[in-house]
Amino acid sequence: GAVVSQHPSRVICKSGTSVKIECRSLDFQATTMFWYRQFPKQSLMLMATSNEGSKATYEQGVEKDKFLINHASLTLSTLTVTSAHPEDSSFYICSARDRGDNEQFFGPGTRLTVL
Amino acid sequence: AQKITQTQPGMFVQEKEAVTLDCTYDTSDQSYGLFWYKQPSSGEMIFLIYQGSYDEQNATEGRYSLNFQKARKSANLVISASQLGDSAMYFCAMRDQTYNQGGKLIFGQGTELSVKP
């Protein structure tokens, strides 16, 4: 099956710093990638949808200047949490799909802790 | 607006028994897709099963089957012969077929399944 990787799997940073999370599709071309955030014991909340070569579409309530998304190639999307604060601590999961595919393939997630 | 509802925050089942996890949905679209995912404590999302709105037969994948009742707008997941490794969070999701939404998934609140030995 299709594989999506995320890096890093876990990151701890100080308040005020920026953190970049990478999402890669390893064996297929991902025309669309999605970024989700999940708090403990809660559901996945979609943050944004990104299509290769175009600007990301953010969900209502998600600050685009704080959560920068870049989908520069068909195999890589990055999420940068700028000026992170403790309330940004969460589990961030990306997923990817190819055009016409029913299924989204999820990365293993990144656990961000902001001190 | 599309919505997915899972009304069972937690469920218990005895090992080797079958269990049904409920999921109802709301959409005005004629064409849509329904998914079930399993999320163990490690956090990874594991795809279990898919049902298209035009599929006449219920989807099955090994021990997983989807009880699709279109008129009732329900898509319950049935796990047969539960195993200890089935203990996890289970999410029902619907794909948004709206043009230019990229096929994003809308998730339910999740059900935490615990399998007792």
# chains A, B, ... in the order shown; residues from 1 in each chain; ligands from 1
call {"tool": "closest_atom_pairs", "arguments": {"of": "chain B", "to": "chain A", "cutoff": "12 Å", "atoms": "only C-alpha atoms", "output": "tab-separated table"}}
result
residue	atom	partner	partner_atom	distance
B:Ile4	CA	A:Ser43	CA	11.2
B:Thr5	CA	A:Ser43	CA	11.2
B:Gln6	CA	A:Ser43	CA	10.7
B:Pro9	CA	A:Lys41	CA	9.6
B:Gly10	CA	A:Lys41	CA	10.9
B:Tyr32	CA	A:Asn102	CA	10.2
B:Gly33	CA	A:Asn102	CA	7.8
B:Leu34	CA	A:Asn102	CA	9.8
B:Phe35	CA	A:Glu103	CA	8.6
B:Trp36	CA	A:Glu103	CA	10.9
B:Tyr37	CA	A:Phe106	CA	10.3
B:Lys38	CA	A:Phe106	CA	11.5
B:Gln39	CA	A:Pro108	CA	10.2
B:Pro40	CA	A:Pro108	CA	11.1
B:Ser41	CA	A:Lys41	CA	10.3
B:Ser42	CA	A:Pro108	CA	8.3
B:Gly43	CA	A:Gly109	CA	6.7
B:Glu44	CA	A:Pro108	CA	4.7
B:Met45	CA	A:Phe106	CA	6.1
B:Ile46	CA	A:Phe106	CA	7.8
B:Phe47	CA	A:Phe105	CA	8.0
B:Leu48	CA	A:Glu103	CA	10.6
B:Ile49	CA	A:Glu103	CA	9.7
B:Tyr50	CA	A:Glu103	CA	8.2
B:Gln51	CA	A:Asn102	CA	9.8
B:Gly52	CA	A:Asn102	CA	9.0
B:Ala88	CA	A:Lys41	CA	11.1
B:Met89	CA	A:Lys41	CA	8.7
B:Tyr90	CA	A:Ser43	CA	9.8
B:Phe91	CA	A:Ser43	CA	7.8
B:Cys92	CA	A:Ser43	CA	10.0
B:Ala93	CA	A:Leu44	CA	10.0
B:Met94	CA	A:Asn102	CA	11.1
B:Arg95	CA	A:Asn102	CA	8.8
B:Asp96	CA	A:Asn102	CA	11.4
B:Gln97	CA	A:Asn102	CA	10.9
B:Asn100	CA	A:Thr57	CA	9.8
B:Gln101	CA	A:Thr49	CA	7.9
B:Gly102	CA	A:Thr32	CA	6.7
B:Gly103	CA	A:Thr32	CA	8.7
B:Lys104	CA	A:Phe34	CA	7.4
B:Leu105	CA	A:Leu46	CA	8.0
B:Ile106	CA	A:Leu46	CA	7.8
B:Phe107	CA	A:Leu44	CA	6.5
B:Gly108	CA	A:Ser43	CA	6.7
B:Gln109	CA	A:Ser43	CA	5.1
B:Gly110	CA	A:Ser43	CA	6.2
B:Thr111	CA	A:Lys41	CA	9.7
B:Glu112	CA	A:Lys41	CA	8.8
call {"tool": "select_by_dssp", "arguments": {"residues": "stretch 45-96 of chain B", "states": "strand (DSSP E or B)", "output": "VMD selection string"}}
result
chain B and resid 46 to 52 60 to 61 64 to 69 74 to 79 88 to 95
call {"tool": "write_last_selection", "arguments": {"atoms": "C-alpha atoms", "output": "JSON list (two decimals), in the first residue's frame"}}
result
[["chain", "number", "residue", "atom", "x", "y", "z"],
["B", 46, "ILE", "CA", -5.20, 2.72, 9.98],
["B", 47, "PHE", "CA", -7.70, 2.49, 7.13],
["B", 48, "LEU", "CA", -10.21, -0.29, 7.71],
["B", 49, "ILE", "CA", -13.01, -0.12, 5.20],
["B", 50, "TYR", "CA", -14.71, 2.06, 2.58],
["B", 51, "GLN", "CA", -18.30, 2.29, 1.36],
["B", 52, "GLY", "CA", -19.38, 4.33, -1.63],
["B", 60, "THR", "CA", -16.39, -6.22, 3.90],
["B", 61, "GLU", "CA", -12.69, -6.52, 4.70],
["B", 64, "TYR", "CA", -14.64, -5.84, 9.36],
["B", 65, "SER", "CA", -17.95, -5.21, 7.67],
["B", 66, "LEU", "CA", -19.89, -2.04, 7.15],
["B", 67, "ASN", "CA", -23.64, -2.13, 7.73],
["B", 68, "PHE", "CA", -24.73, 0.55, 5.27],
["B", 69, "GLN", "CA", -28.32, 1.72, 5.58],
["B", 74, "SER", "CA", -26.07, 5.10, 8.96],
["B", 75, "ALA", "CA", -22.79, 3.30, 8.34],
["B", 76, "ASN", "CA", -22.10, 1.10, 11.32],
["B", 77, "LEU", "CA", -18.87, -0.87, 11.60],
["B", 78, "VAL", "CA", -19.13, -4.49, 12.67],
["B", 79, "ILE", "CA", -16.05, -6.21, 14.01],
["B", 88, "ALA", "CA", -8.23, 1.40, 19.98],
["B", 89, "MET", "CA", -10.09, 4.53, 18.93],
["B", 90, "TYR", "CA", -12.32, 4.10, 15.91],
["B", 91, "PHE", "CA", -13.31, 6.98, 13.67],
["B", 92, "CYS", "CA", -16.02, 7.15, 11.07],
["B", 93, "ALA", "CA", -15.42, 9.68, 8.31],
["B", 94, "MET", "CA", -17.14, 11.02, 5.22],
["B", 95, "ARG", "CA", -15.45, 12.46, 2.19]]
call {"tool": "closest_residue", "arguments": {"among": "A:Arg37, A:Lys64, A:Lys55, A:Lys20", "to": "A:Leu79", "atoms": "only C-alpha atoms"}}
result
A:Lys20
call {"tool": "residues_around", "arguments": {"residues": "A:Ser15", "least_positions_apart": "5", "cutoff": "6 Å", "atoms": "only C-alpha atoms", "output": "count of residues only"}}
result
4
call {"tool": "residues_around", "arguments": {"residues": "A:Ser83", "least_positions_apart": "2", "cutoff": "12 Å", "atoms": "only C-alpha atoms", "output": "list of chain:residue names"}}
result
A:Cys13, A:Lys14, A:Ser15, A:Gly16, A:Thr17, A:Ser18, A:Val19, A:Lys20, A:Asp65, A:Lys66, A:Phe67, A:Leu68, A:Thr80, A:Val81, A:His85, A:Pro86, A:Glu87, A:Asp88, A:Val114, A:Leu115
call {"tool": "atom_distance", "arguments": {"atom1": "atom CA of A:Asp27", "atom2": "atom CA of A:Ser77"}}
result
14.6 Å
call {"tool": "atom_distance", "arguments": {"atom1": "atom CA of A:Gln29", "atom2": "atom CA of A:His7"}}
result
18.0 Å
call {"tool": "residues_around", "arguments": {"residues": "A:Thr75", "least_positions_apart": "5", "cutoff": "7 Å", "atoms": "only C-alpha atoms", "output": "list in words"}}
result
Arg24, Ser25, Leu26, Gln29 and Ala30 of chain A
call {"tool": "write_last_selection", "arguments": {"atoms": "N, CA and C atoms", "output": "tab-separated table (two decimals), in the first residue's frame"}}
result
chain	number	residue	atom	x	y	z
A	24	ARG	N	5.78	13.40	3.63
A	24	ARG	CA	6.23	12.91	2.33
A	24	ARG	C	5.42	11.68	1.88
A	25	SER	N	5.03	11.67	0.63
A	25	SER	CA	4.45	10.46	0.04
A	25	SER	C	5.61	9.71	-0.61
A	26	LEU	N	5.81	8.47	-0.21
A	26	LEU	CA	7.04	7.76	-0.59
A	26	LEU	C	6.92	7.00	-1.91
A	29	GLN	N	2.42	9.94	-6.14
A	29	GLN	CA	2.40	11.40	-6.24
A	29	GLN	C	1.13	11.93	-5.61
A	30	ALA	N	1.32	12.76	-4.62
A	30	ALA	CA	0.19	13.28	-3.86
A	30	ALA	C	-0.23	14.63	-4.41
